[in-house]
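**Student:** This is the content of run_11.cif (mmCIF, C-alpha atoms and all ligand atoms):
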data_input
loop_
_atom_site.label_atom_id
_atom_site.label_comp_id
_atom_site.auth_asym_id
_atom_site.auth_seq_id
_atom_site.Cartn_x
_atom_site.Cartn_y
_atom_site.Cartn_z
CA MET J 856 -7.59 -6.30 -38.28
CA ASP J 857 -6.20 -4.61 -35.15
CA ALA J 858 -2.87 -2.81 -35.63
CA PRO J 859 0.10 -4.82 -34.25
CA TRP J 860 0.85 -3.93 -30.62
CA PRO J 861 3.14 -3.29 -28.81
CA THR J 862 5.32 -1.35 -31.26
CA SER J 863 8.80 0.16 -30.99
CA ALA J 864 7.12 3.33 -29.71
CA THR J 865 5.26 1.63 -26.84
CA ARG J 866 6.45 2.82 -23.43
CA PHE J 867 6.66 0.46 -20.49
CA ALA J 868 6.37 0.54 -16.72
CA GLY J 869 5.93 -2.26 -14.20
CA VAL J 870 6.11 -3.70 -10.72
CA ILE J 871 9.17 -5.37 -9.17
CA GLY J 872 8.78 -7.96 -6.43
CA TRP J 873 9.77 -11.54 -5.47
CA PRO J 874 7.40 -13.22 -6.08
CA VAL J 875 5.19 -10.87 -8.04
CA ALA J 876 2.83 -13.07 -10.05
CA HIS J 877 -0.03 -12.37 -7.60
CA SER J 878 0.15 -8.58 -8.12
CA LEU J 879 -3.06 -6.73 -9.03
CA SER J 880 -1.07 -3.70 -10.25
CA PRO J 881 -0.82 -4.79 -13.92
CA SER J 882 -4.61 -5.00 -14.32
CA MET J 883 -5.00 -1.63 -12.53
CA HIS J 884 -2.38 0.31 -14.53
CA ASN J 885 -3.12 -1.29 -17.91
CA ALA J 886 -6.79 -0.35 -17.43
CA ALA J 887 -5.63 3.23 -16.85
CA PHE J 888 -3.49 3.29 -20.02
CA ARG J 889 -6.40 1.90 -22.05
CA ALA J 890 -8.86 4.42 -20.57
CA LEU J 891 -6.60 7.33 -21.60
CA GLY J 892 -5.54 5.83 -24.95
CA LEU J 893 -1.88 5.92 -23.88
CA ASP J 894 0.50 3.64 -25.82
CA TRP J 895 2.00 2.22 -22.62
CA ALA J 896 2.20 -1.29 -21.15
CA TYR J 897 2.64 -2.30 -17.49
CA LEU J 898 4.38 -5.58 -16.71
CA ALA J 899 5.32 -7.64 -13.65
CA PHE J 900 9.07 -8.23 -13.15
CA PRO J 901 10.05 -11.00 -10.71
CA ILE J 902 13.47 -9.92 -9.43
CA GLU J 903 15.49 -11.98 -6.97
CA PRO J 904 16.80 -9.91 -4.05
CA ASP J 905 20.42 -10.66 -5.02
CA HIS J 906 19.89 -9.11 -8.46
CA LEU J 907 17.88 -6.08 -7.41
CA GLU J 908 20.26 -3.20 -8.12
CA PRO J 909 21.53 -4.27 -11.57
CA ALA J 910 18.00 -5.23 -12.61
CA VAL J 911 16.52 -1.86 -11.60
CA ARG J 912 19.38 0.12 -13.14
CA GLY J 913 19.08 -2.00 -16.29
CA LEU J 914 15.35 -1.48 -16.61
CA PHE J 915 15.73 2.29 -16.41
CA HIS J 916 18.66 2.29 -18.86
CA ALA J 917 16.39 0.29 -21.19
CA GLY J 918 13.80 3.06 -21.18
CA CYS J 919 11.45 2.01 -18.38
CA SER J 920 9.07 4.88 -17.58
CA GLY J 921 8.24 3.95 -13.99
CA LEU J 922 8.30 1.13 -11.44
CA SER J 923 6.16 0.10 -8.50
CA VAL J 924 8.03 -1.72 -5.74
CA THR J 925 6.55 -4.46 -3.60
CA ILE J 926 7.67 -7.06 -1.03
CA PRO J 927 10.54 -7.69 -0.35
CA HIS J 928 12.27 -4.80 -2.13
CA LYS J 929 10.79 -1.64 -0.59
CA GLN J 930 13.77 -0.94 1.67
CA ALA J 931 16.60 -2.46 -0.36
CA VAL J 932 15.56 -0.46 -3.43
CA LEU J 933 16.75 2.74 -1.72
CA ALA J 934 20.26 1.72 -2.86
CA CYS J 935 19.05 2.29 -6.45
CA CYS J 936 17.69 5.79 -5.81
CA ASP J 937 19.67 8.87 -6.77
CA GLU J 938 17.21 11.04 -4.86
CA VAL J 939 14.27 10.38 -2.56
CA THR J 940 11.23 12.35 -1.43
CA PRO J 941 10.65 13.53 2.17
CA ALA J 942 8.08 10.69 2.54
CA VAL J 943 10.79 8.11 1.81
CA ASP J 944 13.15 9.81 4.25
CA ALA J 945 10.50 9.61 6.97
CA ILE J 946 9.25 6.08 6.22
CA GLY J 947 12.56 4.47 5.25
CA ALA J 948 11.11 2.65 2.24
CA ALA J 949 10.03 3.38 -1.35
CA ASN J 950 7.13 1.91 -3.31
CA THR J 951 7.48 4.03 -6.46
CA LEU J 952 10.48 4.74 -8.72
CA VAL J 953 10.43 7.57 -11.22
CA PRO J 954 13.08 8.01 -13.97
CA LEU J 955 14.82 11.38 -14.01
CA GLY J 956 16.78 10.84 -17.27
CA ASP J 957 20.27 9.40 -17.92
CA GLY J 958 19.29 6.35 -15.84
CA ARG J 959 18.87 8.42 -12.68
CA VAL J 960 15.99 7.47 -10.39
CA ARG J 961 13.82 9.19 -7.77
CA GLY J 962 12.28 7.06 -5.01
CA ASP J 963 8.90 8.00 -3.57
CA ASN J 964 6.48 6.39 -1.13
CA THR J 965 2.83 6.80 -2.10
CA ASP J 966 1.47 4.30 0.47
CA ALA J 967 0.84 7.07 3.01
CA GLU J 968 -1.04 9.20 0.49
CA GLY J 969 -2.96 6.13 -0.72
CA PHE J 970 -3.93 5.24 2.85
CA LEU J 971 -5.34 8.72 3.54
CA ARG J 972 -7.12 9.13 0.22
CA ALA J 973 -8.91 5.81 0.64
CA LEU J 974 -9.90 6.81 4.19
CA ASP J 975 -11.21 10.20 3.06
CA GLU J 976 -13.20 8.52 0.30
CA ALA J 977 -14.77 5.66 2.27
CA ALA J 978 -15.06 6.90 5.88
CA PRO J 979 -13.96 10.51 6.43
CA VAL J 980 -13.01 11.11 10.05
CA ASP J 981 -11.37 13.97 11.92
CA LEU J 982 -8.24 12.46 13.46
CA ASP J 983 -6.75 15.60 14.98
CA GLY J 984 -5.99 14.88 18.65
CA GLN J 985 -7.83 11.54 18.43
CA ASP J 986 -6.53 8.09 19.42
CA VAL J 987 -5.98 5.48 16.71
CA LEU J 988 -5.02 1.86 17.33
CA MET J 989 -2.84 0.22 14.70
CA VAL J 990 -2.16 -3.51 14.82
CA GLY J 991 1.12 -4.23 13.06
CA ALA J 992 4.46 -2.47 12.77
CA GLY J 993 5.95 -3.67 9.48
CA GLY J 994 6.74 -1.70 6.33
CA ALA J 995 3.17 -0.66 5.52
CA ALA J 996 2.60 0.30 9.16
CA LYS J 997 5.54 2.73 8.98
CA ALA J 998 3.90 4.52 6.05
CA ILE J 999 0.59 4.60 7.91
CA ALA J 1000 2.21 6.01 11.05
CA PHE J 1001 3.71 8.79 8.89
CA ALA J 1002 0.29 9.43 7.30
CA LEU J 1003 -1.53 9.52 10.64
CA ALA J 1004 1.01 11.95 12.10
CA THR J 1005 0.18 14.41 9.30
CA ARG J 1006 -3.45 14.31 10.53
CA GLY J 1007 -2.53 14.91 14.19
CA ALA J 1008 -3.66 11.47 15.40
CA ARG J 1009 -2.27 9.94 18.61
CA LEU J 1010 -1.06 6.52 17.59
CA ARG J 1011 -1.19 3.42 19.76
CA VAL J 1012 0.45 0.32 18.30
CA ALA J 1013 0.11 -3.39 19.07
CA ASN J 1014 2.52 -5.74 17.34
CA ARG J 1015 3.54 -9.36 17.80
CA THR J 1016 7.15 -8.16 18.05
CA ARG J 1017 6.78 -5.49 20.71
CA GLU J 1018 10.00 -3.52 20.00
CA ARG J 1019 8.73 -2.63 16.53
CA ALA J 1020 5.48 -1.27 18.03
CA ALA J 1021 7.34 1.04 20.40
CA ALA J 1022 9.20 2.62 17.46
CA LEU J 1023 5.93 3.80 15.89
CA GLY J 1024 3.70 4.89 18.77
CA GLU J 1025 2.56 4.17 22.30
CA PRO J 1026 2.87 0.38 22.62
CA VAL J 1027 -0.15 -1.77 23.49
CA GLU J 1028 0.27 -5.42 24.54
CA PHE J 1029 -0.38 -7.82 21.68
CA THR J 1030 -3.18 -9.59 23.57
CA ARG J 1031 -6.83 -9.55 22.60
CA GLU J 1032 -7.79 -8.12 25.99
CA ALA J 1033 -5.32 -5.21 25.83
CA MET J 1034 -6.22 -4.44 22.23
CA GLU J 1035 -9.98 -4.44 22.97
CA ALA J 1036 -9.42 -2.04 25.88
CA ALA J 1037 -7.32 0.29 23.72
CA ALA J 1038 -9.76 0.10 20.80
CA ALA J 1039 -12.64 1.22 23.04
CA ASP J 1040 -10.95 4.66 23.31
CA CYS J 1041 -10.08 4.96 19.61
CA VAL J 1042 -11.90 6.52 16.65
CA MET J 1043 -10.16 4.12 14.27
CA VAL J 1044 -8.55 0.68 14.38
CA VAL J 1045 -6.19 -0.30 11.55
CA ASN J 1046 -5.10 -3.83 10.72
CA ALA J 1047 -1.66 -3.31 9.20
CA THR J 1048 -0.54 -6.94 9.61
CA SER J 1049 -0.95 -9.67 7.05
CA LEU J 1050 -3.47 -11.38 9.38
CA GLY J 1051 -6.56 -12.22 7.33
CA MET J 1052 -4.80 -12.87 4.04
CA GLY J 1053 -6.01 -16.06 2.42
CA THR J 1054 -8.49 -17.08 5.14
CA ASP J 1055 -12.26 -16.95 5.55
CA GLU J 1056 -11.99 -16.82 9.36
CA VAL J 1057 -11.84 -13.61 11.40
CA PRO J 1058 -8.28 -13.62 12.82
CA ALA J 1059 -8.66 -14.31 16.54
CA GLU J 1060 -5.79 -11.90 17.31
CA LEU J 1061 -7.57 -8.76 16.03
CA PRO J 1062 -9.78 -6.61 18.30
CA LEU J 1063 -13.46 -6.70 17.36
CA ASP J 1064 -15.78 -6.49 20.38
CA ALA J 1065 -14.91 -2.82 21.01
CA LEU J 1066 -15.78 -1.79 17.43
CA GLY J 1067 -19.17 -0.28 16.75
CA PRO J 1068 -20.96 2.82 15.48
CA GLY J 1069 -18.54 5.71 15.74
CA THR J 1070 -15.48 3.57 14.97
CA VAL J 1071 -13.68 3.20 11.67
CA ALA J 1072 -12.26 -0.25 10.95
CA TYR J 1073 -9.54 -0.10 8.29
CA ASP J 1074 -8.03 -3.33 6.94
CA ILE J 1075 -5.10 -2.79 4.58
CA VAL J 1076 -5.08 -6.47 3.58
CA TYR J 1077 -6.47 -6.42 0.05
CA ARG J 1078 -8.62 -8.92 -1.73
CA ARG J 1079 -11.51 -8.58 -4.15
CA GLU J 1080 -14.13 -9.11 -1.43
CA PRO J 1081 -14.08 -7.54 2.07
CA THR J 1082 -11.99 -9.43 4.63
CA PRO J 1083 -13.88 -11.42 7.32
CA TRP J 1084 -12.62 -8.94 9.97
CA LEU J 1085 -14.14 -6.01 8.03
CA ASP J 1086 -17.40 -7.91 7.54
CA ALA J 1087 -17.56 -8.62 11.28
CA ALA J 1088 -16.77 -4.97 12.10
CA ALA J 1089 -19.49 -3.76 9.70
CA ALA J 1090 -21.97 -6.13 11.36
CA ARG J 1091 -21.21 -4.29 14.64
CA GLY J 1092 -22.00 -0.95 13.00
CA ALA J 1093 -18.43 0.25 12.35
CA ARG J 1094 -17.62 2.19 9.19
CA THR J 1095 -15.14 0.18 7.13
CA VAL J 1096 -12.29 0.88 4.71
CA ASP J 1097 -10.72 -1.93 2.69
CA GLY J 1098 -7.20 -2.38 1.38
CA LEU J 1099 -8.20 -2.13 -2.27
CA GLY J 1100 -8.83 1.60 -1.83
CA MET J 1101 -5.28 2.11 -0.49
CA LEU J 1102 -3.85 0.01 -3.30
CA LEU J 1103 -5.84 2.04 -5.83
CA HIS J 1104 -4.79 5.44 -4.53
CA GLN J 1105 -1.11 4.61 -4.02
CA GLY J 1106 -1.12 3.41 -7.63
CA ALA J 1107 -2.95 6.52 -8.85
CA ALA J 1108 -0.35 8.75 -7.18
CA ALA J 1109 2.45 6.79 -8.89
CA PHE J 1110 0.67 6.90 -12.26
CA ALA J 1111 0.44 10.69 -12.07
CA GLN J 1112 4.22 10.94 -11.57
CA TRP J 1113 5.12 8.56 -14.41
CA THR J 1114 2.74 9.97 -17.03
CA GLY J 1115 2.30 13.60 -15.93
CA THR J 1116 -1.42 12.91 -16.43
CA GLU J 1117 -4.41 12.94 -14.08
CA PRO J 1118 -5.02 9.26 -13.22
CA PRO J 1119 -8.36 7.77 -14.39
CA VAL J 1120 -9.28 6.51 -10.93
CA ASP J 1121 -12.60 4.90 -11.86
CA ALA J 1122 -11.00 2.88 -14.67
CA MET J 1123 -8.20 1.83 -12.32
CA ARG J 1124 -10.72 0.72 -9.71
CA ALA J 1125 -12.57 -1.32 -12.34
CA GLY J 1126 -9.25 -2.84 -13.46
CA LEU J 1127 -8.44 -3.86 -9.90
CA THR J 1128 -11.70 -5.65 -9.28
CA ALA J 1129 -11.91 -7.24 -12.74
CA GLY J 1130 -8.28 -8.31 -13.27
P1 LIG M 1 5.77 -6.67 6.66
O1 LIG M 1 6.71 -5.52 6.64
O2 LIG M 1 6.29 -8.06 6.43
O3 LIG M 1 5.01 -6.62 8.10
C1 LIG M 1 4.11 -7.67 8.47
C2 LIG M 1 3.39 -7.27 9.74
O4 LIG M 1 2.42 -8.30 10.02
C3 LIG M 1 4.28 -7.19 10.97
O5 LIG M 1 3.72 -6.26 11.88
C4 LIG M 1 4.19 -8.63 11.53
O6 LIG M 1 4.49 -8.72 12.91
C5 LIG M 1 2.72 -8.90 11.30
N1 LIG M 1 2.40 -10.31 11.23
C6 LIG M 1 2.66 -11.16 10.20
N2 LIG M 1 2.20 -12.40 10.49
C7 LIG M 1 1.64 -12.32 11.73
C8 LIG M 1 0.99 -13.26 12.58
N3 LIG M 1 0.83 -14.55 12.22
N4 LIG M 1 0.53 -12.82 13.77
C9 LIG M 1 0.68 -11.55 14.16
N5 LIG M 1 1.29 -10.61 13.40
C10 LIG M 1 1.76 -11.00 12.20
O7 LIG M 1 4.62 -6.50 5.58
P2 LIG M 1 3.93 -5.13 5.08
O8 LIG M 1 4.56 -4.70 3.82
O9 LIG M 1 3.85 -4.19 6.21
O10 LIG M 1 2.47 -5.66 4.68
C11 LIG M 1 1.52 -6.02 5.69
C12 LIG M 1 0.18 -6.30 5.01
O11 LIG M 1 -0.28 -5.11 4.38
C13 LIG M 1 0.24 -7.35 3.88
O12 LIG M 1 -0.96 -8.09 3.92
C14 LIG M 1 0.28 -6.51 2.62
O13 LIG M 1 -0.26 -7.17 1.49
C15 LIG M 1 -0.61 -5.34 3.03
N6 LIG M 1 -0.35 -4.11 2.29
C16 LIG M 1 -1.40 -3.51 1.69
C17 LIG M 1 -1.19 -2.34 0.98
C18 LIG M 1 -2.36 -1.71 0.29
O14 LIG M 1 -2.14 -0.85 -0.58
N7 LIG M 1 -3.58 -2.07 0.63
C19 LIG M 1 0.07 -1.76 0.90
C20 LIG M 1 1.14 -2.39 1.56
C21 LIG M 1 0.92 -3.59 2.26
P3 LIG M 1 6.02 -8.93 13.40
O15 LIG M 1 6.65 -7.54 13.38
O16 LIG M 1 5.90 -9.48 14.76
O17 LIG M 1 6.66 -9.87 12.41
#
Go through the file and emit its structure as structure tokens.
Ligand code: NAP

**Tutor:**
Amino acid sequence: MDAPWPTSATRFAGVIGWPVAHSLSPSMHNAAFRALGLDWAYLAFPIEPDHLEPAVRGLFHAGCSGLSVTIPHKQAVLACCDEVTPAVDAIGAANTLVPLGDGRVRGDNTDAEGFLRALDEAAPVDLDGQDVLMVGAGGAAKAIAFALATRGARLRVANRTRERAAALGEPVEFTREAMEAAAADCVMVVNATSLGMGTDEVPAELPLDALGPGTVAYDIVYRREPTPWLDAAAARGARTVDGLGMLLHQGAAAFAQWTGTEPPVDAMRAGLTAG
């Protein structure tokens, strides 16, 4: 018979969000713990915004070994951080919390690192001095803008709410025509909106006609199969990067901080697609 598990020695980590039941992070991180034989468990904690700070403080006082942070808590959770990394300072949001002992917490943002690692893995491209078009200017887009700046890219941004676009790069009108014209001069187009989630149609808002061989199409929306926009871009010859790679690598960077161990990336990838 299998030994009883979990035991009083089992360590725990998890993801906080509201809602959080849809999260793929538990299957990804639990696959990693199993692959390394670590006696850890990763859980999903639905935390209402009004209860965020006491819940986070309580989890760490109860021995939590690490938290991922998802919508809508990435900015509000900064109030729970005793220190933050330069990435959090630049982006203004945290997606990873690391215990420092005595209930103290460090906030980090691994979305930027995850975005770049997935790009380097799936469609390496020299961005230095090159134009990139990003559609979207929400929380994830801020992390991507930070990441692209570290590669020397010139960022052009189209967003439904124009003022947010102007804060991240050179604004482009949020019309299909303006976005197609901008995309024609860009080595990469990033969809950093939630357009394309839960639909089998290519979102009519996103540029497509200008994509082709020589362009990278990067959709951060994640699902187990490629999004229709990525499929359509690939059919035009573009190299594509999906959101699962970013999710994987931001999680791997968090895992390394919580466990002090090299993350088993292949096992995590298998956990993501199987879970
Ligand atoms: P967010 O802060 O709420 O931002 C949402 C963005 O989408 C904003 O730019 C918003 O425009 C735009 N948008 C939403 N609905 C739209 C519509 N109907 N038409 C046009 N624009 C629309 O969310 P977020 O955290 O940045 O997340 C954005 C997407 O990225 C989500 O799908 C999320 O799951 C995904 N994501 C993926 C990863 C990954 O690891 N792959 C990581 C983080 C996020 P306005 O400013 O005009 O509202």

**Student:** Select the residues contacting ligand LIG 1 (chain M) at a distance of at most 6 Å, based on all atoms listed in the file, then format the selection as a PyMOL selection string.

**Tutor:** chain J and resi 991-996+1014-1016+1047-1050+1075-1077+1098-1099+1101-1102

**Student:** Report as a Markdown table: every residue of stretch 856-941 of chain J with an atom at most 8 Å from stretch 950-970 of chain J, its closest pair of atoms, and their distance in Å to one decimal, counting all atoms listed in the file, with rows sorted by chain and ascending residue number.

**Tutor:**
| residue | atom | partner | partner_atom | distance |
| --- | --- | --- | --- | --- |
| J:Arg912 | CA | J:Gly958 | CA | 6.8 |
| J:Phe915 | CA | J:Gly958 | CA | 5.4 |
| J:His916 | CA | J:Gly958 | CA | 5.1 |
| J:Cys919 | CA | J:Pro954 | CA | 7.6 |
| J:Ser920 | CA | J:Pro954 | CA | 6.2 |
| J:Gly921 | CA | J:Val953 | CA | 5.1 |
| J:Leu922 | CA | J:Leu952 | CA | 5.0 |
| J:Ser923 | CA | J:Thr951 | CA | 4.6 |
| J:Val924 | CA | J:Asn950 | CA | 4.5 |
| J:Thr925 | CA | J:Asn950 | CA | 6.4 |
| J:Lys929 | CA | J:Asn950 | CA | 5.8 |
| J:Leu933 | CA | J:Gly962 | CA | 7.0 |
| J:Cys935 | CA | J:Val960 | CA | 7.2 |
| J:Cys936 | CA | J:Val960 | CA | 5.2 |
| J:Asp937 | CA | J:Val960 | CA | 5.3 |
| J:Glu938 | CA | J:Arg961 | CA | 4.8 |
| J:Val939 | CA | J:Gly962 | CA | 4.6 |
| J:Thr940 | CA | J:Asp963 | CA | 5.4 |

**Student:** Between J:Ala1008, J:Leu1103, J:Ala1088, J:Ala1111, single out the one closest to J:Met883, counting only C-alpha atoms.

**Tutor:** J:Leu1103

**Student:** Would you mind reading off the distance between atom CA of J:Leu1023 and atom CA of J:Ala1065, one decimal, in Å?

**Tutor:** 22.5 Å

**Student:** Show me, as a tab-separated table, the residues of stretch 1042-1119 of chain J having an atom within 12 Å of stretch 885-900 of chain J, each with the closest atom pair and its distance in Å, using all atoms listed in the file.

**Tutor:**
residue	atom	partner	partner_atom	distance
J:Leu1103	CA	J:Ala887	CA	11.1
J:Gly1106	CA	J:Ala887	CA	10.3
J:Ala1107	CA	J:Ala887	CA	9.1
J:Ala1109	CA	J:Ala887	CA	11.9
J:Phe1110	CA	J:Ala887	CA	8.6
J:Ala1111	CA	J:Ala887	CA	10.7
J:Trp1113	CA	J:Trp895	CA	10.8
J:Thr1114	CA	J:Leu893	CA	9.2
J:Gly1115	CA	J:Leu893	CA	11.8
J:Thr1116	CA	J:Leu891	CA	9.2
J:Glu1117	CA	J:Leu891	CA	9.6
J:Pro1118	CA	J:Ala887	CA	7.1
J:Pro1119	CA	J:Ala887	CA	5.8

**Student:** Have a look at atom CA of J:Leu988 and atom CA of J:Val1057 and let me know their distance in Å, one decimal.

**Tutor:** 17.9 Å

**Student:** Write out as number ranges by chain the residues lying within 9 Å of J:Ala945, counting all atoms listed in the file and excluding same-chain residues fewer than 5 positions away.

**Tutor:** J: 940, 997-998, 1001

**Student:** Would you mind telling me which residue in J:Leu1063, J:Ala1004, J:Ala1013, J:Val875 lies nearest to J:Leu1085 when using only C-alpha atoms?

**Tutor:**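 So, comparing all the options, the nearest one is J:Leu1063.
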
**Student:** Env of stretch 982-984 of chain J: 10 Å cut, atoms = all atoms listed in the file, seq-sep filter 4 positions within chain, self excluded. Answer as a list of chain:residue names.

**Tutor:** J:Leu1003, J:Ala1004, J:Thr1005, J:Arg1006, J:Gly1007, J:Ala1008, J:Arg1009, J:Leu1010, J:Cys1041, J:Val1042, J:Met1043

**Student:** With only C-alpha atoms as the atoms that count, which of J:Pro881, J:Arg1094, J:Val870, J:Pro1083 lies nearest to J:Thr1054?

**Tutor:**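 Result for the nearest residue to J:Thr1054: J:Pro1083.
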
**Student:** In terms of the shortest atom-to-atom distance over only C-alpha atoms, which of J:Ala1036, J:Val990, J:Ala910, J:Ala917 is closest to J:Gly1024?

**Tutor:** J:Val990

**Student:** Nearest residue to J:Ala1039 out of J:Asp1121, J:Pro1058, J:Asp1086, J:Val987, using only C-alpha atoms?

**Tutor:** J:Val987

**Student:** Quick one: everything within 10 Å of J:Trp1084, counting all atoms listed in the file, minus sequence neighbours fewer than 2 positions away in the same chain. Send it as a short mmCIF file (atom, residue, chain, number, x, y, z; two decimals) with C-alpha atoms, keeping the file's coordinate frame.

**Tutor:**
data_model
loop_
_atom_site.label_atom_id
_atom_site.label_comp_id
_atom_site.auth_asym_id
_atom_site.auth_seq_id
_atom_site.Cartn_x
_atom_site.Cartn_y
_atom_site.Cartn_z
CA ASN J 1046 -5.10 -3.83 10.72
CA LEU J 1050 -3.47 -11.38 9.38
CA GLY J 1051 -6.56 -12.22 7.33
CA ASP J 1055 -12.26 -16.95 5.55
CA GLU J 1056 -11.99 -16.82 9.36
CA VAL J 1057 -11.84 -13.61 11.40
CA PRO J 1058 -8.28 -13.62 12.82
CA ALA J 1059 -8.66 -14.31 16.54
CA LEU J 1061 -7.57 -8.76 16.03
CA PRO J 1062 -9.78 -6.61 18.30
CA LEU J 1063 -13.46 -6.70 17.36
CA ALA J 1072 -12.26 -0.25 10.95
CA TYR J 1073 -9.54 -0.10 8.29
CA ASP J 1074 -8.03 -3.33 6.94
CA PRO J 1081 -14.08 -7.54 2.07
CA THR J 1082 -11.99 -9.43 4.63
CA ASP J 1086 -17.40 -7.91 7.54
CA ALA J 1087 -17.56 -8.62 11.28
CA ALA J 1088 -16.77 -4.97 12.10
CA ALA J 1089 -19.49 -3.76 9.70
CA ALA J 1090 -21.97 -6.13 11.36
CA THR J 1095 -15.14 0.18 7.13
#

**Student:** Which is closer to J:Asp975 than all the others in J:Gly1126, J:Pro901, J:Gly913, J:Gly1100, using only C-alpha atoms?

**Tutor:** J:Gly1100
